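Trainee: final-v1.txt is reproduced in full below (compact mmCIF, C-alpha atoms).
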# COMPACT_ATOMS: atom_id res chain seq x y z
CA MET B 21 -104.16 -23.22 19.93
CA GLN B 22 -103.70 -19.48 20.42
CA GLU B 23 -99.92 -19.94 20.32
CA ILE B 24 -100.18 -21.76 16.95
CA GLN B 25 -102.33 -18.94 15.54
CA THR B 26 -99.85 -16.34 16.80
CA ASN B 27 -96.94 -18.19 15.14
CA SER B 28 -98.88 -18.50 11.87
CA LEU B 29 -99.67 -14.78 11.93
CA TYR B 30 -95.98 -13.99 12.59
CA ILE B 31 -94.88 -16.17 9.65
CA ARG B 32 -97.41 -14.50 7.30
CA ARG B 33 -96.31 -11.02 8.37
CA SER B 34 -92.68 -12.02 8.00
CA ARG B 35 -93.30 -13.23 4.45
CA GLU B 36 -95.14 -10.02 3.57
CA THR B 37 -92.30 -7.93 4.98
CA ASN B 38 -89.64 -9.94 3.14
CA LYS B 39 -91.34 -9.48 -0.23
CA LYS B 40 -90.01 -5.94 -0.53
CA TYR B 41 -86.45 -7.34 -0.30
CA TYR B 42 -86.87 -9.98 -3.03
CA LEU B 43 -85.44 -7.81 -5.83
CA SER B 44 -82.37 -6.83 -3.80
CA VAL B 45 -81.84 -10.48 -2.78
CA PHE B 46 -82.07 -11.57 -6.43
CA LEU B 47 -79.52 -8.90 -7.44
CA ALA B 48 -77.20 -9.85 -4.55
CA VAL B 49 -77.29 -13.52 -5.58
CA VAL B 50 -76.63 -12.67 -9.24
CA LEU B 51 -73.79 -10.30 -8.29
CA ILE B 52 -72.04 -12.79 -6.00
CA THR B 53 -72.55 -15.75 -8.36
CA PHE B 54 -71.24 -13.79 -11.35
CA ALA B 55 -68.23 -12.63 -9.30
CA ILE B 56 -67.39 -16.18 -8.15
CA SER B 57 -67.53 -17.39 -11.75
CA GLY B 58 -64.51 -15.28 -12.67
CA TYR B 59 -66.01 -14.66 -16.10
CA THR B 60 -63.12 -13.41 -18.24
CA ALA B 61 -64.94 -11.38 -20.90
CA LYS B 62 -63.83 -7.73 -21.14
CA SER B 63 -67.36 -6.60 -20.32
CA ALA B 64 -67.46 -8.60 -17.03
CA ASN B 65 -66.55 -5.72 -14.71
CA TYR B 66 -69.06 -3.39 -16.36
CA ILE B 67 -71.79 -6.02 -15.96
CA LEU B 68 -70.88 -6.46 -12.28
CA LEU B 69 -70.80 -2.70 -11.70
CA SER B 70 -74.24 -2.32 -13.30
CA ILE B 71 -75.69 -5.09 -11.09
CA LEU B 72 -74.07 -3.53 -7.99
CA PHE B 73 -75.54 -0.12 -8.86
CA LEU B 74 -79.01 -1.66 -9.21
CA TRP B 75 -78.53 -3.49 -5.89
CA TYR B 76 -77.66 -0.22 -4.12
CA ILE B 77 -80.82 1.40 -5.45
CA SER B 78 -83.00 -1.60 -4.61
CA ALA B 79 -81.50 -2.02 -1.12
CA PHE B 80 -81.96 1.67 -0.31
CA LEU B 81 -85.58 1.77 -1.52
CA SER B 82 -86.40 -1.43 0.41
CA ALA B 83 -85.11 -0.14 3.75
CA PRO B 84 -83.53 3.35 3.72
CA SER B 85 -82.71 3.41 7.44
CA ASN B 86 -81.13 -0.04 7.34
CA PHE B 87 -79.11 0.95 4.26
CA ILE B 88 -77.72 4.03 6.00
CA LYS B 89 -76.79 1.97 9.08
CA ILE B 90 -74.32 -0.17 7.13
CA PHE B 91 -72.06 2.87 6.66
CA ARG B 92 -71.87 3.59 10.39
CA ASN B 93 -69.14 1.18 11.41
CA LYS B 94 -65.35 1.10 11.33
CA ILE B 95 -65.06 -1.18 8.32
CA SER B 96 -67.35 0.96 6.16
CA LEU B 97 -65.62 4.17 7.30
CA ALA B 98 -62.19 2.71 6.42
CA PHE B 99 -63.56 1.60 3.06
CA MET B 100 -65.06 5.02 2.32
CA GLY B 101 -61.79 6.70 3.35
CA PHE B 102 -59.90 4.54 0.86
CA ILE B 103 -62.48 5.01 -1.94
CA ILE B 104 -62.49 8.81 -1.52
CA PHE B 105 -58.66 8.90 -1.70
CA TYR B 106 -58.60 6.50 -4.67
CA PHE B 107 -61.31 8.45 -6.52
CA ILE B 108 -59.61 11.84 -6.13
CA ILE B 109 -56.08 10.70 -7.03
CA CYS B 110 -57.33 8.47 -9.86
CA LEU B 111 -59.45 11.29 -11.33
CA ILE B 112 -56.49 13.68 -11.30
CA SER B 113 -53.94 11.22 -12.68
CA SER B 114 -55.93 8.89 -14.90
CA GLY B 115 -59.05 10.67 -16.19
CA VAL B 116 -62.76 10.00 -15.92
CA THR B 117 -62.90 6.72 -17.88
CA ASN B 118 -60.15 5.00 -15.91
CA THR B 119 -61.56 6.37 -12.65
CA ILE B 120 -64.91 4.73 -13.34
CA LYS B 121 -63.12 1.51 -14.29
CA TYR B 122 -60.73 1.28 -11.31
CA VAL B 123 -62.89 2.77 -8.57
CA GLY B 124 -65.82 0.70 -9.87
CA HIS B 125 -63.65 -2.42 -9.65
CA SER B 126 -62.84 -1.61 -6.00
CA LEU B 127 -66.53 -1.12 -5.23
CA ILE B 128 -67.21 -4.58 -6.70
CA LEU B 129 -64.37 -6.22 -4.76
CA PHE B 130 -65.54 -4.88 -1.38
CA SER B 131 -69.28 -5.21 -2.06
CA PRO B 132 -69.59 -8.65 -0.34
CA PHE B 133 -69.18 -7.10 3.11
CA ILE B 134 -71.67 -4.31 2.33
CA ILE B 135 -74.17 -7.00 1.29
CA TYR B 136 -73.44 -9.01 4.45
CA LEU B 137 -73.91 -5.96 6.69
CA TYR B 138 -77.20 -4.99 5.05
CA TYR B 139 -78.92 -8.36 5.45
CA SER B 140 -77.41 -9.13 8.87
CA LYS B 141 -79.10 -6.03 10.26
CA LEU B 142 -82.56 -7.14 9.12
CA LYS B 143 -84.79 -8.65 11.79
CA ASP B 144 -85.47 -11.79 9.76
CA LYS B 145 -82.20 -13.65 9.07
CA LYS B 146 -83.74 -15.98 6.46
CA LEU B 147 -82.72 -13.69 3.61
CA LEU B 148 -79.07 -13.72 4.66
CA LYS B 149 -79.23 -17.49 5.09
CA PHE B 150 -80.70 -17.88 1.60
CA ILE B 151 -77.98 -15.76 -0.03
CA LEU B 152 -75.29 -17.63 1.92
CA THR B 153 -76.68 -21.03 0.88
CA VAL B 154 -76.82 -20.08 -2.79
CA THR B 155 -73.30 -18.62 -2.58
CA ILE B 156 -71.90 -21.85 -1.12
CA VAL B 157 -73.70 -23.98 -3.72
CA PHE B 158 -72.26 -21.94 -6.60
CA TRP B 159 -68.80 -21.91 -5.00
CA VAL B 160 -68.90 -25.72 -5.04
CA ILE B 161 -70.15 -25.75 -8.64
CA PHE B 162 -67.38 -23.44 -9.89
CA ALA B 163 -64.74 -25.30 -7.84
CA ILE B 164 -65.75 -28.55 -9.57
CA ARG B 165 -65.76 -26.79 -12.96
CA ALA B 166 -62.30 -25.41 -12.22
CA LEU B 167 -60.96 -28.86 -11.27
CA MET B 168 -62.30 -30.33 -14.51
CA PHE B 169 -60.80 -27.48 -16.54
CA TYR B 170 -57.39 -27.80 -14.84
CA GLN B 171 -57.33 -31.51 -15.67
CA GLN B 172 -57.47 -30.56 -19.35
CA ASN B 173 -55.35 -27.39 -19.09
CA GLU B 174 -52.64 -28.06 -16.51
CA SER B 175 -51.22 -24.54 -16.04
CA ALA B 176 -54.46 -22.66 -16.65
CA ALA B 177 -54.49 -20.79 -13.32
CA ARG B 178 -50.94 -19.51 -13.82
CA ILE B 179 -51.71 -18.48 -17.40
CA LEU B 180 -54.87 -16.66 -16.28
CA ALA B 181 -52.89 -14.84 -13.58
CA SER B 182 -50.80 -13.14 -16.27
CA ASP B 183 -53.48 -12.95 -18.98
CA ARG B 184 -57.12 -13.26 -17.94
CA ASN B 185 -58.24 -13.43 -21.61
CA ALA B 186 -55.85 -16.27 -22.54
CA PHE B 187 -58.75 -18.75 -22.84
CA ASP B 188 -61.22 -16.22 -24.28
CA SER B 189 -64.47 -15.96 -22.30
CA ILE B 190 -64.60 -18.66 -19.62
CA ALA B 191 -66.17 -18.94 -16.16
CA ILE B 192 -64.18 -21.32 -13.94
CA GLY B 193 -63.72 -19.29 -10.76
CA GLY B 194 -60.93 -16.97 -11.85
CA GLY B 195 -57.79 -19.10 -11.38
CA TYR B 196 -55.69 -18.00 -8.41
CA GLY B 197 -58.61 -16.02 -6.97
CA LEU B 198 -60.51 -19.25 -6.33
CA ALA B 199 -57.37 -20.73 -4.71
CA TYR B 200 -57.00 -17.80 -2.26
CA GLY B 201 -60.66 -17.94 -1.27
CA SER B 202 -60.57 -21.74 -0.99
CA ALA B 203 -57.54 -21.56 1.32
CA PHE B 204 -59.37 -19.13 3.65
CA LEU B 205 -62.49 -21.30 3.68
CA CYS B 206 -60.51 -24.51 4.20
CA ILE B 207 -58.82 -23.20 7.36
CA TYR B 208 -62.05 -21.65 8.65
CA LEU B 209 -64.05 -24.88 8.18
CA LEU B 210 -61.27 -27.00 9.68
CA ASP B 211 -61.20 -24.71 12.72
CA CYS B 212 -64.99 -25.00 13.07
CA PHE B 213 -64.83 -28.79 12.64
CA ILE B 214 -62.10 -29.59 15.18
CA ASN B 215 -63.61 -27.18 17.71
CA LYS B 216 -66.96 -29.00 17.33
CA ARG B 217 -68.91 -25.98 16.15
CA PHE B 218 -70.91 -28.17 13.79
CA ARG B 219 -73.37 -29.95 16.07
CA ARG B 220 -75.44 -31.87 13.56
CA PRO B 221 -73.89 -34.94 11.85
CA LYS B 222 -74.95 -33.78 8.37
CA TYR B 223 -73.11 -30.44 8.84
CA LYS B 224 -70.00 -32.33 9.92
CA LEU B 225 -70.21 -34.44 6.77
CA TYR B 226 -70.70 -31.33 4.59
CA ALA B 227 -67.66 -29.74 6.25
CA VAL B 228 -65.42 -32.75 5.56
CA ILE B 229 -66.50 -32.90 1.91
CA ALA B 230 -66.02 -29.13 1.54
CA ILE B 231 -62.53 -29.21 3.11
CA ALA B 232 -61.48 -31.99 0.72
CA LEU B 233 -62.86 -30.08 -2.30
CA LEU B 234 -61.24 -26.80 -1.23
CA PHE B 235 -57.89 -28.52 -0.62
CA ALA B 236 -58.04 -30.15 -4.06
CA THR B 237 -58.87 -26.80 -5.65
CA VAL B 238 -55.78 -25.15 -4.15
CA ILE B 239 -53.59 -28.06 -5.28
CA GLU B 240 -54.90 -28.00 -8.86
CA THR B 241 -54.41 -24.23 -9.27
CA LYS B 242 -50.68 -24.85 -8.75
CA SER B 243 -50.33 -21.83 -6.51
CA THR B 244 -47.34 -23.07 -4.50
CA VAL B 245 -47.29 -20.23 -1.97
CA THR B 246 -51.04 -20.58 -1.37
CA LEU B 247 -50.64 -24.32 -0.78
CA LEU B 248 -47.71 -23.66 1.54
CA GLY B 249 -49.73 -21.11 3.52
CA MET B 250 -52.68 -23.50 3.75
CA ILE B 251 -50.48 -26.38 4.96
CA PHE B 252 -48.95 -24.13 7.63
CA GLY B 253 -52.46 -22.98 8.54
CA ILE B 254 -53.72 -26.55 8.92
CA ALA B 255 -50.73 -27.45 11.11
CA LEU B 256 -51.25 -24.38 13.30
CA CYS B 257 -55.00 -24.99 13.48
CA VAL B 258 -54.46 -28.52 14.84
CA THR B 259 -51.65 -27.40 17.15
CA PHE B 260 -53.64 -24.52 18.66
CA HIS B 261 -56.56 -26.87 19.21
CA LEU B 262 -54.35 -29.34 21.09
CA LEU B 263 -52.84 -26.53 23.16
CA LYS B 264 -56.27 -25.18 24.01
CA LYS B 265 -57.61 -28.63 24.81
CA GLY B 266 -54.61 -29.45 26.94
CA SER B 267 -54.52 -26.19 28.85
CA ASN B 268 -58.29 -25.97 29.41
CA LYS B 269 -57.80 -22.17 29.60
CA ARG B 270 -55.38 -22.58 32.56
CA ILE B 271 -51.60 -22.57 32.65
CA THR B 272 -50.65 -26.17 33.31
CA LEU B 273 -47.46 -28.21 33.06
CA LYS B 274 -48.84 -29.79 29.88
CA SER B 275 -49.51 -26.41 28.25
CA ILE B 276 -46.00 -25.19 29.15
CA VAL B 277 -44.46 -28.33 27.63
CA TRP B 278 -46.55 -27.90 24.49
CA PHE B 279 -45.53 -24.25 24.22
CA LEU B 280 -41.83 -25.06 24.63
CA LEU B 281 -42.07 -27.87 22.08
CA MET B 282 -43.72 -25.50 19.60
CA CYS B 283 -41.00 -22.90 20.14
CA ILE B 284 -38.27 -25.52 19.63
CA MET B 285 -40.06 -26.88 16.55
CA PHE B 286 -40.42 -23.39 15.10
CA ILE B 287 -36.72 -22.61 15.65
CA VAL B 288 -35.69 -25.96 14.13
CA LEU B 289 -37.91 -25.31 11.09
CA ILE B 290 -36.48 -21.82 10.57
CA ILE B 291 -32.87 -23.02 10.88
CA ASN B 292 -33.38 -26.07 8.64
CA THR B 293 -35.81 -24.66 6.07
CA GLU B 294 -33.49 -25.40 3.15
CA SER B 295 -32.77 -28.96 4.37
CA ILE B 296 -36.48 -29.65 4.88
CA GLY B 297 -37.21 -28.37 1.38
CA THR B 298 -34.49 -30.58 -0.10
CA TYR B 299 -35.84 -33.61 1.79
CA ILE B 300 -39.38 -32.99 0.47
CA MET B 301 -38.00 -32.70 -3.06
CA ARG B 302 -36.11 -36.01 -2.72
CA GLN B 303 -39.20 -37.83 -1.43
CA THR B 304 -41.49 -36.57 -4.21
CA ASP B 305 -39.04 -36.33 -7.13
CA ASP B 306 -40.07 -39.58 -8.84
CA LYS B 307 -43.83 -39.33 -8.13
CA ARG B 308 -46.17 -37.97 -10.77
CA ASP B 309 -49.50 -37.60 -8.93
CA THR B 310 -50.80 -34.03 -8.57
CA PHE B 311 -50.35 -33.79 -4.80
CA SER B 312 -46.72 -35.00 -4.97
CA ILE B 313 -45.95 -32.49 -7.73
CA ARG B 314 -47.36 -29.66 -5.62
CA LEU B 315 -45.37 -30.88 -2.58
CA TYR B 316 -42.25 -30.95 -4.75
CA GLU B 317 -42.86 -27.30 -5.63
CA VAL B 318 -43.34 -26.46 -1.94
CA GLY B 319 -40.03 -28.19 -1.19
CA ALA B 320 -38.34 -26.26 -4.00
CA THR B 321 -39.69 -23.00 -2.59
CA LEU B 322 -38.36 -23.83 0.89
CA ALA B 323 -35.01 -24.91 -0.58
CA ASN B 324 -34.78 -21.71 -2.66
CA ASN B 325 -34.53 -23.78 -5.86
CA ASN B 326 -35.90 -22.21 -9.03
CA ILE B 327 -37.98 -24.88 -10.74
CA ASN B 328 -39.91 -22.62 -13.08
CA ASN B 329 -37.22 -21.10 -15.29
CA GLY B 330 -37.00 -17.80 -13.47
CA GLU B 331 -40.71 -17.35 -12.73
CA SER B 332 -41.96 -15.92 -9.45
CA ALA B 333 -42.18 -19.32 -7.74
CA ASP B 334 -38.55 -18.80 -6.75
CA PHE B 335 -38.66 -17.63 -3.15
CA ASN B 336 -35.65 -15.32 -3.54
CA ILE B 337 -37.16 -13.56 -6.54
CA ARG B 338 -40.48 -13.18 -4.73
CA MET B 339 -38.74 -11.65 -1.70
CA GLU B 340 -36.91 -9.21 -3.98
CA LEU B 341 -40.24 -8.11 -5.47
CA ILE B 342 -41.71 -7.62 -1.98
CA LYS B 343 -38.61 -5.64 -1.01
CA LYS B 344 -39.05 -3.58 -4.18
CA SER B 345 -42.55 -2.49 -3.11
CA ALA B 346 -41.37 -1.78 0.45
CA THR B 347 -38.52 0.39 -0.86
CA THR B 348 -40.90 2.25 -3.17
CA PHE B 349 -43.21 2.95 -0.23
CA LEU B 350 -40.35 4.25 1.92
CA GLU B 351 -39.29 6.56 -0.90
CA ASN B 352 -42.89 7.74 -1.53
CA PRO B 353 -44.61 7.39 1.88
CA ILE B 354 -47.41 9.96 1.60
CA ILE B 355 -49.53 8.99 -1.43
CA GLY B 356 -47.37 6.27 -3.01
CA VAL B 357 -46.56 6.01 -6.71
CA GLY B 358 -49.92 4.95 -8.14
CA TYR B 359 -50.67 8.47 -9.32
CA LYS B 360 -47.51 8.43 -11.49
CA TYR B 361 -48.93 5.77 -13.80
CA GLY B 362 -52.63 6.41 -13.26
CA TYR B 363 -53.03 3.05 -11.46
CA ILE B 364 -52.79 1.28 -14.83
CA SER B 365 -51.48 -2.15 -13.81
CA GLU B 366 -49.34 -2.62 -16.93
CA TYR B 367 -47.10 0.26 -15.81
CA SER B 368 -46.90 -0.56 -12.10
CA ALA B 369 -43.74 -2.70 -12.26
CA VAL B 370 -41.62 -0.03 -13.97
CA ASN B 371 -42.72 2.42 -11.28
CA GLY B 372 -41.45 0.27 -8.41
CA VAL B 373 -44.42 -1.96 -7.50
CA GLY B 374 -43.46 -5.64 -7.11
CA ASN B 375 -47.01 -6.97 -7.65
CA HIS B 376 -46.40 -9.99 -5.40
CA SER B 377 -47.59 -8.79 -1.98
CA GLU B 378 -51.00 -7.35 -1.14
CA TRP B 379 -49.71 -5.51 1.92
CA THR B 380 -46.49 -3.93 0.58
CA ASP B 381 -47.94 -3.34 -2.89
CA SER B 382 -50.87 -1.38 -1.44
CA LEU B 383 -48.50 0.82 0.57
CA ALA B 384 -46.33 1.37 -2.51
CA LYS B 385 -49.36 2.31 -4.64
CA TYR B 386 -51.39 4.35 -2.14
CA GLY B 387 -48.86 5.52 0.48
CA LEU B 388 -49.95 6.15 4.05
CA ILE B 389 -53.00 8.25 3.19
CA GLY B 390 -54.61 5.57 1.02
CA GLY B 391 -52.78 2.52 2.34
CA ILE B 392 -53.74 2.84 6.01
CA PRO B 393 -57.55 2.86 5.45
CA TYR B 394 -57.07 0.08 2.88
CA LEU B 395 -55.21 -2.16 5.35
CA LEU B 396 -57.60 -1.21 8.15
CA ILE B 397 -60.46 -2.77 6.16
CA PHE B 398 -58.81 -6.19 6.57
CA ALA B 399 -57.81 -5.54 10.19
CA PHE B 400 -61.35 -4.53 11.14
CA ILE B 401 -62.85 -7.50 9.25
CA ILE B 402 -60.74 -9.91 11.32
CA LYS B 403 -61.48 -8.00 14.53
CA ASN B 404 -65.21 -8.07 13.75
CA GLU B 405 -65.00 -11.81 13.06
CA ARG B 406 -63.24 -12.44 16.36
CA ARG B 407 -65.95 -10.49 18.18
CA ASN B 408 -68.81 -12.33 16.49
CA ASN B 409 -67.23 -15.77 16.60
CA ILE B 410 -68.55 -18.14 19.23
CA GLN B 411 -65.07 -19.19 20.35
CA ALA B 412 -62.92 -16.38 18.88
CA ILE B 413 -61.54 -16.99 15.43
CA SER B 414 -58.48 -19.22 15.24
CA SER B 415 -55.04 -17.63 15.18
CA ALA B 416 -54.27 -20.09 12.36
CA PHE B 417 -56.88 -18.36 10.18
CA ILE B 418 -55.32 -14.95 10.91
CA PHE B 419 -51.91 -16.40 10.04
CA VAL B 420 -53.14 -17.60 6.63
CA VAL B 421 -54.67 -14.19 5.81
CA VAL B 422 -51.48 -12.35 6.83
CA PHE B 423 -49.19 -14.91 5.13
CA LEU B 424 -51.05 -14.94 1.81
CA GLY B 425 -51.36 -11.15 1.90
CA PHE B 426 -47.60 -10.84 2.39
CA PHE B 427 -46.60 -13.27 -0.37
CA ASN B 428 -49.50 -12.87 -2.83
CA PRO B 429 -51.61 -10.06 -4.32
CA PHE B 430 -54.73 -11.90 -3.15
CA LEU B 431 -57.32 -9.14 -3.65
CA THR B 432 -59.80 -10.85 -5.99
CA ALA B 433 -63.56 -11.19 -6.14
CA GLN B 434 -63.40 -14.82 -4.95
CA SER B 435 -61.07 -14.18 -1.98
CA ASN B 436 -63.20 -11.24 -0.87
CA ILE B 437 -66.44 -13.21 -1.14
CA ALA B 438 -64.90 -15.85 1.13
CA LEU B 439 -63.34 -13.35 3.54
CA PHE B 440 -66.04 -10.66 3.56
CA PHE B 441 -69.25 -12.63 3.07
CA ILE B 442 -69.20 -16.43 3.47
CA ILE B 443 -67.12 -16.52 6.66
CA PRO B 444 -68.77 -13.57 8.51
CA ALA B 445 -72.28 -14.68 7.45
CA THR B 446 -71.66 -18.29 8.54
CA THR B 447 -70.28 -17.17 11.90
CA TYR B 448 -73.09 -14.67 12.49
CA LEU B 449 -75.88 -17.11 11.60
CA SER B 450 -74.27 -19.79 13.79
CA LYS B 451 -74.20 -17.31 16.66
CA VAL B 452 -77.88 -16.42 16.13
CA SER B 453 -78.82 -20.10 15.92
CA LEU B 454 -76.94 -20.91 19.12
CA ALA B 455 -78.60 -18.00 20.93
CA LYS B 456 -82.03 -19.31 19.89
CA GLU B 457 -81.16 -22.82 21.12
CA ASN B 458 -80.07 -21.44 24.49
CA MET B 459 -83.30 -19.44 24.80
CA THR B 460 -85.50 -22.42 24.00
CA PRO B 461 -86.90 -23.90 27.23
CA CYS B 462 -86.11 -27.55 27.89
Reformat the file's structure so that it appears as structure tokens.
Mentor:
Amino acid sequence: MQEIQTNSLYIRRSRETNKKYYLSVFLAVVLITFAISGYTAKSANYILLSILFLWYISAFLSAPSNFIKIFRNKISLAFMGFIIFYFIICLISSGVTNTIKYVGHSLILFSPFIIYLYYSKLKDKKLLKFILTVTIVFWVIFAIRALMFYQQNESAARILASDRNAFDSIAIGGGYGLAYGSAFLCIYLLDCFINKRFRRPKYKLYAVIAIALLFATVIETKSTVTLLGMIFGIALCVTFHLLKKGSNKRITLKSIVWFLLMCIMFIVLIINTESIGTYIMRQTDDKRDTFSIRLYEVGATLANNNINNGESADFNIRMELIKKSATTFLENPIIGVGYKYGYISEYSAVNGVGNHSEWTDSLAKYGLIGGIPYLLIFAFIIKNERRNNIQAISSAFIFVVVFLGFFNPFLTAQSNIALFFIIPATTYLSKVSLAKENMTPC
């Protein structure tokens, strides 16, 4: 009886304590939901920046000490290093208005991890769980909306990539941004599923449905490189699982055979990439379903065939653009070339930025001084995820992040919400839940 009263008292106190966070939670949910929507109105970024500013104030007033703690880790320090560099150079080269616009946009893009850190450090994890649940629900809603929109407007994602206002003011997840985030989530969930991290049957069912939805989203956005990276990621995810299962963390004859087979397979794939691409094209040439069309484009990419009248889907052209950014960085290694055009994206190409690789483009724009802290944000995120993950995050997931970052400018609100909030929050809450289960007496 006394134990029941103690638990009731704890719940009441917990509710009273959580009330002071309700405003910040509401703002966090609105911010993340609005960002996932990919709303294309010109005022969208200013709305997001206003909500973020209010969240900072609310979060600080709710728990000042907790707020300060979130800036005492490697990821936050790398982020602040980049923002300080970006602010100073942008202010000098682009003026006050553009500085507010571009630096504000960066603050929005990296806000998901700040939000994750803040609520993960609270004693009661229910608030983080609530925000995560709402985020996942709205991700599903906007993914379904995007699929419906792409059925009516076949090349919408590609059109939005070059002109975000092409369809006026719409909210369908932001085109390619939703594809990048969906690819990350698909590999993460598949890794969790095959490694049996979902213990309850209903979670397993949710995972299967989510993987199917995420896969369909990537296909319908017609982002060939993203689909290619996801397919490679799925193959690696399954392969690494079989290797791990076979080896049982010991070097055995079976694990050696698997390793040798993988090496041989990798060499064969590299040598015969063009032939494999041609074969895929032959097999899917006369099929008109969406998946076959996307596979045909993957085959064309592997075979170095230009199927889009000179657009960037051609692998050779894409590699030239990546090389362009790398060359620009080598010629301007200290602070890059961003200052020359005030970081105005319309003028980046003529200043030597290829705009087709997150990693090389960032080095070309920011040089070593701004580029290193920028890239360290992603490196520390993955390292943090590996540390928090129950079984250490899959190498397949790391491959997809590196691959997409090399062949795509994937920095979008949707990709960052997946990478910096949904995945770390899911892993962290799973870890907390497992720890509670292990502490519960039988």
Trainee: Rank nothing, just name the residue among B:Thr53, B:Ile192, B:Ala48, B:Phe430 nearest to Phe73 of chain B, using only C-alpha atoms.
Mentor: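 So, comparing all the options, the nearest one is B:Ala48.
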Trainee: Within 10 Å of Val123 of chain B, counting only C-alpha atoms, which residues show up once you throw out same-chain ones fewer than 6 positions away? Write them as JSON, numbers by chain, please.
Mentor: {"B": [103, 104, 106, 107, 108, 110, 111, 129]}
Trainee: For Ala232 of chain B, which residue out of B:Thr432, B:Val160, B:Leu198, B:Ile442 is the nearest one, using all atoms listed in the file?
Mentor: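 Once distances to Ala232 of chain B are computed over all atoms listed in the file, the minimum belongs to B:Val160.
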Trainee: Please, what distance in Å, to one decimal, runs between atom CA of Ile342 of chain B and atom CA of Gly391 of chain B?
Mentor: 15.6 Å
Trainee: Provide the atom CA of Glu378 of chain B to atom CA of Leu431 of chain B distance in Å, to one decimal place.
Mentor: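 We find that atom CA of Glu378 of chain B and atom CA of Leu431 of chain B lie 7.0 Å from each other.
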Trainee: In Å, rounded to a single decimal, give me how far atom CA of Leu341 of chain B is from atom CA of Gly101 of chain B.
Mentor: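 It comes out at 27.6 Å.
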Trainee: I want to know what sits within 6 Å of segment 245-252 of chain B, based on only C-alpha atoms, with residues of the same chain fewer than 3 positions away left out; could you give that as JSON, numbers by chain?
Mentor: {"B": [203, 255, 420]}
Trainee: Mind checking which residues fall within 12 Å of Ile397 of chain B, counting only C-alpha atoms, ignoring those fewer than 4 positions away in the same chain, and posting them as JSON, numbers by chain?
Mentor: {"B": [93, 94, 95, 96, 97, 98, 99, 100, 101, 102, 103, 130, 133, 134, 379, 390, 391, 392, 393, 401, 402, 403, 404, 436, 439, 440]}
Trainee: Determine the nearest neighbour of Phe419 of chain B from the options B:Ile239, B:Ser377, B:Ile207, B:Lys145, counting only C-alpha atoms.
Mentor: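 Using only C-alpha atoms, the shortest distance to Phe419 of chain B belongs to B:Ile207.
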Trainee: Got a sec: who's within 8 Å of Asn371 of chain B, counting only C-alpha atoms, leaving out chain neighbours fewer than 2 positions off, as a ChimeraX atom specification?
Mentor: /B:357,360-361,367-369,373
